[in-house]
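Undergrad: Dropping a structure here in structure tokens format, bear with me for questions.
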Amino acid sequence: MTSPVAEFFAGKTLMLTGGTGFIGKVFIEKVLRSCPDVDKVYLLVRPKAGQAPVDRMRIEFLDCKLFDKLRKAQPNFDKKLIPIHSDLVKPNLGISDEDAARLQEEVQIVVHSAATIRFDEKLKLSLELNVVACQKMLELARGMKRLEVFEHVSTAYAHCDRQHIEEIFYPPPTDVDKLLDAVSWMSDDMITNITPQLLGKKPNTYTFTKAIAEHKIKEMGKGLPVCVIRPSIVGSTWKDPFPGWIDNLNGPSGLFIACGKGFISTMIGDKDTVFDLNPVDFVVNAMITIAWHTAVTKPTSIPIYNCVTSHKNPFTVGQLESIQDIYHKIPLEKGLRRPSAAFTTNQPLYEYRFAIGSRIPSHLVDLYLRFIGQKPKMVKISNHLTKMVHTLKYFTQNDWVWTNHNGAALQAALSEHDKKAYFMDVAEIHWPTYLEQWCIGTKQYILNEDMLAIPAAKRHLKMLRNFRWAFNTLLLILMWRFLIARSQLARNLWHLVTNLFFKFVRFFGISSTQ
């Protein structure tokens with residue numbers, strides 16, 4: 001059966017930013033495997049840690065398990081990947097004149113996925129990466145002679161200061177041009193001081209700058225074949241190319257591992273709040289088909305797609321608590337405490353549990369590490385975790401409603417073959433199974449732990465349980481001894497309990513001999 005999507009991509013030249021990121025890798029794998037006749041993919045790659053773009057690409061792609069299925073089908077797929085030396089914060093994206101001319105001569109499909117996704121990023125850098133770089137990409141694209149589609153990857157939370165989010169452009173949160181002009185001459189301290197006032201109801205610089213980037217897309221994308229996709233919180237793969245692949249600690253994955261390792265047991269959140277999760281393969285399938293649909297239908301206005309799951313298959317914050325059971329069944333190695341995951345909206349209760357379960361043990365572990373001559377690290381991890389919890393609490397305590405009319409129209413436009421090849425029916429996701437696959441993925445692909453070592457990890461959990469019981473028993477005895485030594489009431493209560501106990505024993509002994 002033929003695939004209109006694959007036929008469209010046949011012979012095409014793509015350009016991708018963010019190709020070494022999580023979504024970018026999955027996009028490259030899927031588009032090359034499902035559209036085997038793609039001509040080439042230019043990847044804008046920034047040199048990192050002394051690695052040239054070609055060396056970085058080799059490490060990120062050729063040695064990555066994600067590409068095993070593609071590698072088996074197309075052993076020479078890497079020949080289609082062409083790295084372009086680039087740096088998004090530099091003039092002209094850091095691209096040489098020769099490379100820019102080549103891109104503008106050959107590229108037909110642009111996917112702009114690169115962005116800083118750090119919620120606590122400094123405003124100036126966030127503007128440079130998420131807004132100014134988007135402007136530069138549009139300027140580059142305007143000179144592309146064969147351009148058929150320019151796809152911008154935004155976020156479903158770009159307008160999270162609204163409870164109901166439609167598939168439309170919204171006014172920017174501030175005067176964009178004045179802001180960009182101001183930060184160009186302001187000192188870092190000045191920008192830091194005014195950031196809270198600028199953000200207004202936005203929770204962080206990420207959502208703030210992504211909203212501004214959408215405004216620039218609307219303003220500068222006129223006359224270009226532009227489309228926008230807004231994915232929600234992106235998690236591991238659901239099934240394609242295989243379940244559970246994840247390669248970063250961003251968002252929930254970092255907290256999953258922290259809970260699995262026992263670094264944290266309680267987080268801030270309302271258990272009934274809808275937490276919009278999106279498997280990365282769903283997002284990538286949407287990206288590929290949206291690019292196709294935009295190119296072939298040539299809409300007169302810029303289409304926006306809210307790529308969300310809560311409208312058909314809602315997932316709640318409370319369901320995240322099941323990760324503790326998963327990590328008991330498939331434990332991580334060398335945990336500090338037994339896995340635990342609980343959510344509360346009570347801030348003092350969270351602070352108490354965090355102090356008892358993470359902060360105090362972290363200081364004790366660091367004290368031990370100093371004693372044996374090793375570098376302390378647990379307090380730093382603990383501080384990072386509490387910062388992460390407070391950063392995410394905005395999203396675990398608030399609900400949103402997204403419209404998804406364009407997504408439904410896209411599904412209807414797909415052939416039966418492409419509906420299966422680029423699955424996007426979120427109603428099919430079984431969340432408990434998906435969470436288990438995701439947790440296994442954190443173990444295998446982020447921590448690189450051996451699944452054959454699970455019995456040893458379970459023995460370690462059993463040891464931690466026995467240690468906790470012994471510690472709690474000893475603590476109880478010491479507290480009781482302290483009370484007996486200080487309180488006459490405690491001594492009287494102790495004598496009463498012991499007398500009742502021995503009377504029971506004598507009665508039981510007499511009764512058993514009769």
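Every chain in the structure tokens takes a letter, A first, then B, and so on in the order presented; its residues are numbered from 1, and the ligands are numbered from 1 following the presented order.
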Any chance you could tabulate, as a tab-separated table, the residues of stretch 358-427 of chain A at most 10 Å from stretch 223-246 of chain A with each one's nearest atom pair and distance in Å to one decimal, using only C-alpha atoms, in chain and rising number order?

TA:
```
residue	atom	partner	partner_atom	distance
A:Phe395	CA	A:Ile233	CA	9.7
A:Gly407	CA	A:Ile229	CA	9.8
A:Ala421	CA	A:Asp240	CA	9.8
A:Tyr422	CA	A:Asp240	CA	9.7
A:Phe423	CA	A:Asp240	CA	9.7
```

Undergrad: Residues within 9 Å of A:Thr174, please, as an mmCIF file with all heavy atoms, in the first residue's frame. Count only C-alpha atoms; anything in the same chain fewer than 6 positions from it doesn't count.

TA:
```
data_model
loop_
_atom_site.group_PDB
_atom_site.id
_atom_site.type_symbol
_atom_site.label_atom_id
_atom_site.label_comp_id
_atom_site.auth_asym_id
_atom_site.auth_seq_id
_atom_site.Cartn_x
_atom_site.Cartn_y
_atom_site.Cartn_z
ATOM 1 N N LEU A 198 8.672 41.193 34.207
ATOM 2 C CA LEU A 198 8.419 40.917 32.791
ATOM 3 C C LEU A 198 7.598 39.647 32.594
ATOM 4 O O LEU A 198 6.707 39.602 31.746
ATOM 5 C CB LEU A 198 9.752 40.788 32.039
ATOM 6 C CG LEU A 198 10.538 42.073 31.801
ATOM 7 C CD1 LEU A 198 11.921 41.739 31.252
ATOM 8 C CD2 LEU A 198 9.798 42.989 30.828
ATOM 9 N N LEU A 199 7.892 38.635 33.398
ATOM 10 C CA LEU A 199 7.196 37.360 33.245
ATOM 11 C C LEU A 199 5.706 37.489 33.544
ATOM 12 O O LEU A 199 4.887 36.804 32.919
ATOM 13 C CB LEU A 199 7.812 36.292 34.166
ATOM 14 C CG LEU A 199 9.253 35.871 33.877
ATOM 15 C CD1 LEU A 199 9.674 34.741 34.804
ATOM 16 C CD2 LEU A 199 9.428 35.447 32.430
ATOM 17 N N ILE A 212 6.754 34.494 22.905
ATOM 18 C CA ILE A 212 7.296 35.564 22.068
ATOM 19 C C ILE A 212 7.728 35.010 20.708
ATOM 20 O O ILE A 212 7.516 35.640 19.660
ATOM 21 C CB ILE A 212 8.478 36.256 22.770
ATOM 22 C CG1 ILE A 212 7.988 36.994 24.019
ATOM 23 C CG2 ILE A 212 9.191 37.220 21.832
ATOM 24 C CD1 ILE A 212 9.108 37.614 24.838
#
```

Undergrad: From stretch 123-244 of chain A, collect each residue whose DSSP state is helix (DSSP H, G or I) and return the set as a PyMOL selection string.

TA: chain A and resi 123-142+176-185+188-199+205-220

Undergrad: Would you give me, as a ChimeraX atom specification, the residues in stretch 23-266 of chain A that DSSP reads as strand (DSSP E)?

TA: /A:40-45,81-85,109-112,149-153,164-165,226-231,233-235,266

Undergrad: Near stretch 156-159 of chain A, within 8 Å and counting only C-alpha atoms, which residues show up once chain neighbours fewer than 4 positions away are dropped, as a list in words?

TA: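 What passes the distance filter is Ile165, Tyr170, Lys202, Thr207, Phe208, Thr209, Lys210, Ala211, Arg230, Pro231, Ser232, Asn306, Cys307 and Val308 of chain A.
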
Undergrad: Could you turn the residues from that selection into a file that holds all heavy atoms, as a short mmCIF file (atom, residue, chain, number, x, y, z; two decimals), in the first residue's frame?

TA:
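Wrote out24.cif, looks like this:
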```
data_model
loop_
_atom_site.label_atom_id
_atom_site.label_comp_id
_atom_site.auth_asym_id
_atom_site.auth_seq_id
_atom_site.Cartn_x
_atom_site.Cartn_y
_atom_site.Cartn_z
N ILE A 165 -6.78 27.05 25.85
CA ILE A 165 -5.80 27.39 24.81
C ILE A 165 -6.27 26.83 23.47
O ILE A 165 -6.36 25.62 23.28
CB ILE A 165 -4.40 26.84 25.17
CG1 ILE A 165 -3.96 27.40 26.53
CG2 ILE A 165 -3.39 27.20 24.09
CD1 ILE A 165 -2.72 26.75 27.09
N TYR A 170 -1.77 34.16 19.91
CA TYR A 170 -2.20 35.07 20.97
C TYR A 170 -1.27 36.28 21.01
O TYR A 170 -0.11 36.20 20.54
CB TYR A 170 -2.18 34.36 22.32
CG TYR A 170 -3.28 33.33 22.48
CD1 TYR A 170 -3.01 31.97 22.28
CD2 TYR A 170 -4.57 33.71 22.80
CE1 TYR A 170 -4.01 31.02 22.42
CE2 TYR A 170 -5.59 32.76 22.94
CZ TYR A 170 -5.30 31.43 22.75
OH TYR A 170 -6.30 30.49 22.88
N LYS A 202 3.38 34.41 33.63
CA LYS A 202 4.13 33.27 33.10
C LYS A 202 5.00 32.68 34.23
O LYS A 202 5.62 33.41 34.99
CB LYS A 202 5.04 33.68 31.95
CG LYS A 202 4.32 34.33 30.76
CD LYS A 202 3.62 33.32 29.90
CE LYS A 202 3.11 34.00 28.62
NZ LYS A 202 2.27 33.10 27.82
N THR A 207 8.43 29.39 29.01
CA THR A 207 7.11 29.64 28.45
C THR A 207 7.00 31.08 27.94
O THR A 207 6.34 31.34 26.93
CB THR A 207 6.01 29.38 29.49
OG1 THR A 207 6.24 30.18 30.65
CG2 THR A 207 6.00 27.91 29.90
N PHE A 208 7.65 32.00 28.63
CA PHE A 208 7.63 33.41 28.23
C PHE A 208 8.25 33.60 26.85
O PHE A 208 7.66 34.23 25.96
CB PHE A 208 8.39 34.23 29.28
CG PHE A 208 8.48 35.70 29.00
CD1 PHE A 208 7.38 36.53 29.17
CD2 PHE A 208 9.68 36.27 28.60
CE1 PHE A 208 7.46 37.90 28.93
CE2 PHE A 208 9.78 37.63 28.35
CZ PHE A 208 8.67 38.45 28.52
N THR A 209 9.43 33.03 26.65
CA THR A 209 10.13 33.22 25.37
C THR A 209 9.51 32.41 24.25
O THR A 209 9.55 32.80 23.08
CB THR A 209 11.63 32.89 25.50
OG1 THR A 209 11.78 31.56 26.04
CG2 THR A 209 12.32 33.88 26.43
N LYS A 210 8.91 31.27 24.56
CA LYS A 210 8.24 30.49 23.51
C LYS A 210 6.99 31.22 23.01
O LYS A 210 6.65 31.14 21.82
CB LYS A 210 7.88 29.09 24.01
CG LYS A 210 9.08 28.21 24.29
CD LYS A 210 9.93 27.95 23.07
CE LYS A 210 9.46 26.80 22.26
NZ LYS A 210 10.36 26.45 21.13
N ALA A 211 6.31 31.95 23.91
CA ALA A 211 5.17 32.75 23.49
C ALA A 211 5.62 33.88 22.56
O ALA A 211 4.96 34.18 21.56
CB ALA A 211 4.45 33.32 24.71
N ARG A 230 2.57 22.47 18.83
CA ARG A 230 2.72 22.73 20.26
C ARG A 230 2.59 21.42 21.05
O ARG A 230 1.50 21.06 21.49
CB ARG A 230 1.64 23.69 20.75
CG ARG A 230 1.69 25.10 20.20
CD ARG A 230 0.48 25.85 20.73
NE ARG A 230 0.41 27.25 20.29
CZ ARG A 230 -0.73 27.93 20.26
NH1 ARG A 230 -1.88 27.35 20.62
NH2 ARG A 230 -0.73 29.19 19.88
N PRO A 231 3.66 20.70 21.24
CA PRO A 231 3.58 19.48 22.07
C PRO A 231 3.54 19.82 23.55
O PRO A 231 4.07 20.84 23.99
CB PRO A 231 4.86 18.72 21.70
CG PRO A 231 5.81 19.77 21.23
CD PRO A 231 4.98 20.88 20.64
N SER A 232 2.90 18.95 24.33
CA SER A 232 2.88 19.14 25.78
C SER A 232 4.13 18.50 26.38
O SER A 232 5.20 18.53 25.77
CB SER A 232 1.59 18.54 26.35
OG SER A 232 1.47 17.16 25.99
N ASN A 306 -2.20 21.94 18.44
CA ASN A 306 -1.98 21.59 19.84
C ASN A 306 -1.80 20.09 19.94
O ASN A 306 -2.77 19.33 19.77
CB ASN A 306 -3.15 22.04 20.71
CG ASN A 306 -3.21 23.55 20.88
OD1 ASN A 306 -2.19 24.23 20.80
ND2 ASN A 306 -4.39 24.08 21.15
N CYS A 307 -0.58 19.65 20.18
CA CYS A 307 -0.27 18.21 20.22
C CYS A 307 -0.37 17.75 21.68
O CYS A 307 0.61 17.77 22.43
CB CYS A 307 1.13 17.98 19.66
SG CYS A 307 1.58 16.25 19.50
N VAL A 308 -1.58 17.35 22.09
CA VAL A 308 -1.87 17.02 23.49
C VAL A 308 -2.62 15.69 23.56
O VAL A 308 -3.06 15.15 22.56
CB VAL A 308 -2.71 18.14 24.14
CG1 VAL A 308 -1.90 19.43 24.26
CG2 VAL A 308 -3.99 18.41 23.33
#
```

Undergrad: Please identify all polymer residues within 8 Å of stretch 260-269 of chain A, counting only C-alpha atoms, omitting same-chain residues fewer than 3 positions from it, and present them as a PyMOL selection string.

TA: chain A and resi 256-257+273+317+323-324+327+331-347+350+353-354+357-358+382+385+389-390+393+396-397

Undergrad: Create the file for the chosen residues now, containing N, CA and C atoms and written as a short mmCIF file (atom, residue, chain, number, x, y, z; two decimals), in the first residue's frame.

TA:
```cif
data_model
loop_
_atom_site.label_atom_id
_atom_site.label_comp_id
_atom_site.auth_asym_id
_atom_site.auth_seq_id
_atom_site.Cartn_x
_atom_site.Cartn_y
_atom_site.Cartn_z
N PHE A 256 11.71 10.85 38.17
CA PHE A 256 11.51 9.40 38.23
C PHE A 256 12.74 8.73 38.84
N ILE A 257 13.90 9.08 38.31
CA ILE A 257 15.14 8.48 38.80
C ILE A 257 15.39 8.85 40.25
N THR A 273 -5.09 16.73 39.42
CA THR A 273 -4.75 17.61 38.30
C THR A 273 -4.36 16.77 37.07
N VAL A 317 -1.91 13.61 37.87
CA VAL A 317 -0.69 13.65 38.69
C VAL A 317 -0.65 12.45 39.63
N ILE A 323 4.97 4.99 40.10
CA ILE A 323 6.37 4.71 39.75
C ILE A 323 7.12 4.06 40.91
N GLN A 324 6.67 4.28 42.15
CA GLN A 324 7.35 3.63 43.27
C GLN A 324 7.17 2.12 43.21
N TYR A 327 9.47 0.77 40.42
CA TYR A 327 10.89 0.70 40.80
C TYR A 327 11.14 -0.32 41.91
N PRO A 331 14.07 -2.47 40.25
CA PRO A 331 14.80 -1.43 41.00
C PRO A 331 16.04 -0.91 40.29
N LEU A 332 16.36 0.34 40.61
CA LEU A 332 17.61 0.92 40.16
C LEU A 332 18.74 0.48 41.09
N GLU A 333 19.95 0.54 40.60
CA GLU A 333 21.09 0.08 41.38
C GLU A 333 21.57 1.15 42.36
N LYS A 334 22.08 0.68 43.50
CA LYS A 334 22.75 1.53 44.49
C LYS A 334 21.88 2.70 44.96
N GLY A 335 20.64 2.40 45.26
CA GLY A 335 19.74 3.44 45.77
C GLY A 335 20.12 3.88 47.18
N LEU A 336 19.77 5.11 47.51
CA LEU A 336 20.04 5.64 48.85
C LEU A 336 18.98 5.17 49.83
N ARG A 337 17.72 5.15 49.36
CA ARG A 337 16.60 4.66 50.16
C ARG A 337 15.67 3.88 49.24
N ARG A 338 14.66 3.23 49.84
CA ARG A 338 13.70 2.49 49.03
C ARG A 338 12.86 3.46 48.20
N PRO A 339 12.45 3.05 46.99
CA PRO A 339 11.68 3.94 46.12
C PRO A 339 10.37 4.39 46.78
N SER A 340 10.07 5.66 46.59
CA SER A 340 8.83 6.21 47.13
C SER A 340 8.44 7.41 46.29
N ALA A 341 7.12 7.58 46.08
CA ALA A 341 6.63 8.71 45.29
C ALA A 341 5.25 9.09 45.80
N ALA A 342 5.14 10.30 46.33
CA ALA A 342 3.85 10.79 46.83
C ALA A 342 3.73 12.27 46.50
N PHE A 343 2.50 12.72 46.27
CA PHE A 343 2.25 14.12 45.97
C PHE A 343 1.37 14.73 47.06
N THR A 344 1.64 15.97 47.39
CA THR A 344 0.83 16.70 48.36
C THR A 344 0.74 18.16 47.95
N THR A 345 -0.38 18.78 48.28
CA THR A 345 -0.52 20.22 48.04
C THR A 345 -0.18 21.02 49.29
N ASN A 346 0.14 20.30 50.37
CA ASN A 346 0.48 20.93 51.65
C ASN A 346 1.97 21.29 51.66
N GLN A 347 2.28 22.56 51.52
CA GLN A 347 3.68 22.99 51.44
C GLN A 347 4.48 22.66 52.70
N TYR A 350 5.26 18.99 52.74
CA TYR A 350 6.31 18.66 51.77
C TYR A 350 7.68 19.02 52.34
N ARG A 353 8.70 16.47 55.01
CA ARG A 353 9.08 15.17 54.44
C ARG A 353 10.38 15.27 53.66
N PHE A 354 10.58 16.39 52.97
CA PHE A 354 11.82 16.54 52.21
C PHE A 354 13.02 16.65 53.15
N GLY A 357 13.41 13.06 54.66
CA GLY A 357 13.71 12.02 53.68
C GLY A 357 14.86 12.31 52.74
N SER A 358 15.26 13.59 52.61
CA SER A 358 16.30 13.91 51.64
C SER A 358 17.39 14.82 52.19
N SER A 382 20.43 17.12 46.37
CA SER A 382 19.21 17.43 47.13
C SER A 382 18.70 18.84 46.81
N LEU A 385 17.15 18.88 43.40
CA LEU A 385 15.85 18.22 43.36
C LEU A 385 14.74 19.11 43.91
N VAL A 389 11.44 20.38 41.93
CA VAL A 389 10.07 20.18 42.41
C VAL A 389 9.30 21.50 42.41
N HIS A 390 9.95 22.56 42.89
CA HIS A 390 9.30 23.87 42.93
C HIS A 390 9.09 24.42 41.52
N LYS A 393 5.97 22.49 40.08
CA LYS A 393 4.70 22.49 40.83
C LYS A 393 3.62 23.31 40.12
N THR A 396 1.91 20.79 38.05
CA THR A 396 1.27 19.68 38.75
C THR A 396 0.13 20.15 39.65
N GLN A 397 -0.18 21.45 39.58
CA GLN A 397 -1.27 21.98 40.40
C GLN A 397 -2.31 22.76 39.58
#
```

Undergrad: Go through stretch 114-166 of chain A residue by residue and, counting only C-alpha atoms, keep those with an atom at most 7 Å from stretch 81-97 of chain A; for each kept residue give the shortest atom pair and its distance in Å to one decimal, ordered by chain and increasing number, as a Markdown table.

TA:
```
| residue | atom | partner | partner_atom | distance |
| --- | --- | --- | --- | --- |
| A:Glu128 | CA | A:Val89 | CA | 6.0 |
| A:Leu129 | CA | A:Val89 | CA | 6.3 |
| A:Ala133 | CA | A:Leu88 | CA | 5.5 |
| A:Lys136 | CA | A:Asn92 | CA | 6.5 |
```

Undergrad: Given the selection you just returned, output its residues as a file containing all heavy atoms, formatted as a short mmCIF file (atom, residue, chain, number, x, y, z; two decimals), in the first residue's frame.

TA:
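As a result, out-v7.cif now contains:
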```
data_model
loop_
_atom_site.label_atom_id
_atom_site.label_comp_id
_atom_site.auth_asym_id
_atom_site.auth_seq_id
_atom_site.Cartn_x
_atom_site.Cartn_y
_atom_site.Cartn_z
N GLU A 128 17.78 34.78 23.36
CA GLU A 128 18.69 34.56 22.22
C GLU A 128 18.42 33.23 21.54
O GLU A 128 18.40 33.13 20.30
CB GLU A 128 20.14 34.62 22.70
CG GLU A 128 20.61 36.03 23.06
CD GLU A 128 22.05 36.03 23.55
OE1 GLU A 128 22.57 34.94 23.86
OE2 GLU A 128 22.64 37.12 23.64
N LEU A 129 18.20 32.18 22.35
CA LEU A 129 18.03 30.85 21.78
C LEU A 129 16.61 30.58 21.27
O LEU A 129 16.42 29.90 20.26
CB LEU A 129 18.40 29.79 22.83
CG LEU A 129 19.89 29.69 23.17
CD1 LEU A 129 20.11 28.80 24.38
CD2 LEU A 129 20.68 29.15 21.98
N ALA A 133 17.08 33.42 17.63
CA ALA A 133 17.45 32.33 16.71
C ALA A 133 16.30 31.98 15.78
O ALA A 133 16.51 31.67 14.60
CB ALA A 133 17.87 31.09 17.51
N LYS A 136 16.32 34.51 13.03
CA LYS A 136 17.39 34.23 12.08
C LYS A 136 17.03 33.06 11.17
O LYS A 136 17.36 33.05 9.97
CB LYS A 136 18.70 33.92 12.82
CG LYS A 136 19.25 35.09 13.64
CD LYS A 136 20.44 34.64 14.47
CE LYS A 136 20.96 35.74 15.37
NZ LYS A 136 22.04 35.28 16.27
#
```

Undergrad: Tell me which protein, DNA and RNA residues are within 9 Å of A:Gln74, counting only C-alpha atoms, leaving out same-chain ones fewer than 6 positions away, and put them as an NGL selection string.

TA: :A and (32-33 or 36)

Undergrad: Since we have the selection now, will you write its residues out, keeping C-alpha atoms, as a PDB file, in the first residue's frame?

TA:
```pdb
ATOM      1  CA  LEU A  32      14.525   8.187   7.471  1.00  0.00           C
ATOM      2  CA  ARG A  33      13.008   4.804   8.308  1.00  0.00           C
ATOM      3  CA  PRO A  36      13.490   5.766   2.932  1.00  0.00           C
TER       4      PRO A  36
END
```

Undergrad: Any idea what's packed within 10 Å of A:Glu7, counting only C-alpha atoms, ignoring anything in its chain fewer than 3 positions away? Could you give it as a list of chain:residue names?

TA: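 Skipping anything fewer than 3 positions along the chain leaves A:Thr2, A:Ser3, A:Pro4, A:Ala10, A:Gly11, A:Lys12, A:Cys35, A:Pro36, A:Asp37, A:Val38, A:Trp292.
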
Undergrad: Suppose you want the space between atom CA of A:Glu98 and atom CA of A:Arg58; what is it in Å?

TA: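 Going from atom CA of A:Glu98 over to atom CA of A:Arg58, I get 23.0 Å.
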
Undergrad: Atom CA of A:Met57 to atom CA of A:Gly19: how many Å, to one decimal?

TA: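 Atom-to-atom, atom CA of A:Met57 to atom CA of A:Gly19, that is 9.1 Å.
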